[in-house]
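Asker: I'd like to ask you about the structure that follows.
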Amino acid sequence: MRVWIDQDLCTGDGLCVDHCPDVFVQLEDGIAYVAERGEPLNDPGGSGSLAVVVERDIAAVVQAADVCPGECIFIELEPAFEEMTGS
């Protein structure tokens, strides 16, 4: 599974960071970004910054997307994952 944030839709509430600080970070601009190994993927941001989500963080990322007031968190399932889950 991979995830990205549409920074144009981000409201800066930080709920995603509260739910999964291993995958989401909030930078000085007040906007949330995805991260891998603690490094924000903010170049270029948006769909150009897809972060791989490790298995232990999957549920937290899905929950963060569900509670996001800006509806700016987008999850992309990889074909192998979709086949395993039947989605």
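In the structure tokens, the first chain shown is A, the next is B, and so on; residue numbers restart at 1 for each chain, and ligands run from 1 in the order shown.
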Write out as a PyMOL selection string each polymer residue whose atoms come within 9 Å of A:Asp22, counting only C-alpha atoms; drop sequence neighbours fewer than 6 positions from it.
Answerer: chain A and resi 34-38+57
Asker: Save out the residues we just selected, N, CA and C atoms, as a PDB file, in the first residue's frame.
Answerer:
ATOM      1  N   VAL A  34       3.555  13.139   3.559  1.00  0.00           N
ATOM      2  CA  VAL A  34       3.886  11.761   3.886  1.00  0.00           C
ATOM      3  C   VAL A  34       5.390  11.657   4.094  1.00  0.00           C
ATOM      4  N   ALA A  35       5.796  10.616   4.803  1.00  0.00           N
ATOM      5  CA  ALA A  35       7.217  10.424   5.086  1.00  0.00           C
ATOM      6  C   ALA A  35       7.564   8.943   4.968  1.00  0.00           C
ATOM      7  N   GLU A  36       8.820   8.699   4.663  1.00  0.00           N
ATOM      8  CA  GLU A  36       9.381   7.349   4.680  1.00  0.00           C
ATOM      9  C   GLU A  36      10.678   7.406   5.474  1.00  0.00           C
ATOM     10  N   ARG A  37      10.833   6.457   6.387  1.00  0.00           N
ATOM     11  CA  ARG A  37      12.033   6.393   7.222  1.00  0.00           C
ATOM     12  C   ARG A  37      12.319   7.738   7.892  1.00  0.00           C
ATOM     13  N   GLY A  38      11.264   8.439   8.295  1.00  0.00           N
ATOM     14  CA  GLY A  38      11.411   9.700   9.005  1.00  0.00           C
ATOM     15  C   GLY A  38      11.671  10.909   8.132  1.00  0.00           C
ATOM     16  N   ASP A  57       1.675  -0.186   9.908  1.00  0.00           N
ATOM     17  CA  ASP A  57       1.040   1.131   9.859  1.00  0.00           C
ATOM     18  C   ASP A  57      -0.218   1.182   8.997  1.00  0.00           C
TER      19      ASP A  57
END
Asker: If we count only C-alpha atoms and set the cut-off at 8 Å, which residues sit around A:Gln63, ignoring sequence neighbours fewer than 4 positions away in its own chain? Please answer as a list in words.
Answerer: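 Returned residues: His19, Ala59 and Val67 of chain A.
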Asker: I need the residues in stretch 18-78 of chain A that are strand (DSSP E or B) according to DSSP; give them as a ChimeraX atom specification.
Answerer: /A:24-26,32-36,39-40,51-52,73-76
Asker: Which polymer residues have any atom within 10 Å of an atom of A:Asp43, counting only C-alpha atoms, with same-chain residues fewer than 5 positions away left out, as JSON, numbers by chain?
Answerer: {"A": [33, 48, 49]}
Asker: Any chance you can output those residues with C-alpha atoms as a compact mmCIF listing (two decimals), in the first residue's frame?
Answerer:
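Written output follows (again_23.txt):
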# COMPACT_ATOMS: atom_id res chain seq x y z
CA TYR A 33 3.17 15.46 4.09
CA GLY A 48 4.33 12.74 -6.98
CA SER A 49 5.23 11.77 -3.42
Asker: Give me the residues near A:Gly70 as a PDB file with C-alpha atoms, in the first residue's frame, where near means some atom within 8 Å (using only C-alpha atoms) and where sequence neighbours in that chain fewer than 3 positions away do not count.
Answerer:
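Final output, saved to selection.pdb:
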ATOM      1  CA  LEU A   9      -6.806  20.144   0.239  1.00  0.00           C
ATOM      2  CA  CYS A  10      -4.936  19.834   3.553  1.00  0.00           C
ATOM      3  CA  THR A  11      -6.529  21.868   6.361  1.00  0.00           C
TER       4      THR A  11
END
Asker: May I ask for the distance between atom CA of A:Leu77 and atom CA of A:Gly45, given in Å to one decimal place?
Answerer: 18.8 Å
Asker: Among stretch 45-76 of chain A, which residues does DSSP mark as alpha helix (DSSP H) when it is run on the backbone? Keep the chain and numbering as in the structure and answer as a list in words.
Answerer: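 Result set for stretch 45-76 of chain A (alpha helix (DSSP H)): Ile58, Ala59, Ala60, Val61, Val62, Gln63, Ala64, Ala65, Asp66 and Val67 of chain A.
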Asker: Can you spit out the residues from that selection as a PDB file, in the first residue's frame, using N, CA and C atoms?
Answerer:
ATOM      1  N   ILE A  58      -0.576   0.085   8.353  1.00  0.00           N
ATOM      2  CA  ILE A  58      -1.702   0.106   7.420  1.00  0.00           C
ATOM      3  C   ILE A  58      -2.993   0.546   8.093  1.00  0.00           C
ATOM      4  N   ALA A  59      -3.350  -0.054   9.205  1.00  0.00           N
ATOM      5  CA  ALA A  59      -4.617   0.291   9.872  1.00  0.00           C
ATOM      6  C   ALA A  59      -4.631   1.754  10.307  1.00  0.00           C
ATOM      7  N   ALA A  60      -3.513   2.252  10.806  1.00  0.00           N
ATOM      8  CA  ALA A  60      -3.446   3.645  11.256  1.00  0.00           C
ATOM      9  C   ALA A  60      -3.570   4.617  10.091  1.00  0.00           C
ATOM     10  N   VAL A  61      -2.989   4.275   8.947  1.00  0.00           N
ATOM     11  CA  VAL A  61      -3.084   5.134   7.768  1.00  0.00           C
ATOM     12  C   VAL A  61      -4.527   5.176   7.269  1.00  0.00           C
ATOM     13  N   VAL A  62      -5.182   4.027   7.223  1.00  0.00           N
ATOM     14  CA  VAL A  62      -6.584   3.979   6.795  1.00  0.00           C
ATOM     15  C   VAL A  62      -7.449   4.801   7.744  1.00  0.00           C
ATOM     16  N   GLN A  63      -7.204   4.679   9.038  1.00  0.00           N
ATOM     17  CA  GLN A  63      -7.974   5.453  10.014  1.00  0.00           C
ATOM     18  C   GLN A  63      -7.711   6.948   9.850  1.00  0.00           C
ATOM     19  N   ALA A  64      -6.468   7.331   9.617  1.00  0.00           N
ATOM     20  CA  ALA A  64      -6.134   8.741   9.403  1.00  0.00           C
ATOM     21  C   ALA A  64      -6.870   9.294   8.190  1.00  0.00           C
ATOM     22  N   ALA A  65      -6.934   8.512   7.120  1.00  0.00           N
ATOM     23  CA  ALA A  65      -7.657   8.950   5.918  1.00  0.00           C
ATOM     24  C   ALA A  65      -9.145   9.107   6.216  1.00  0.00           C
ATOM     25  N   ASP A  66      -9.693   8.217   7.032  1.00  0.00           N
ATOM     26  CA  ASP A  66     -11.120   8.280   7.372  1.00  0.00           C
ATOM     27  C   ASP A  66     -11.478   9.525   8.183  1.00  0.00           C
ATOM     28  N   VAL A  67     -10.588   9.942   9.082  1.00  0.00           N
ATOM     29  CA  VAL A  67     -10.911  11.077   9.962  1.00  0.00           C
ATOM     30  C   VAL A  67     -10.435  12.423   9.421  1.00  0.00           C
TER      31      VAL A  67
END
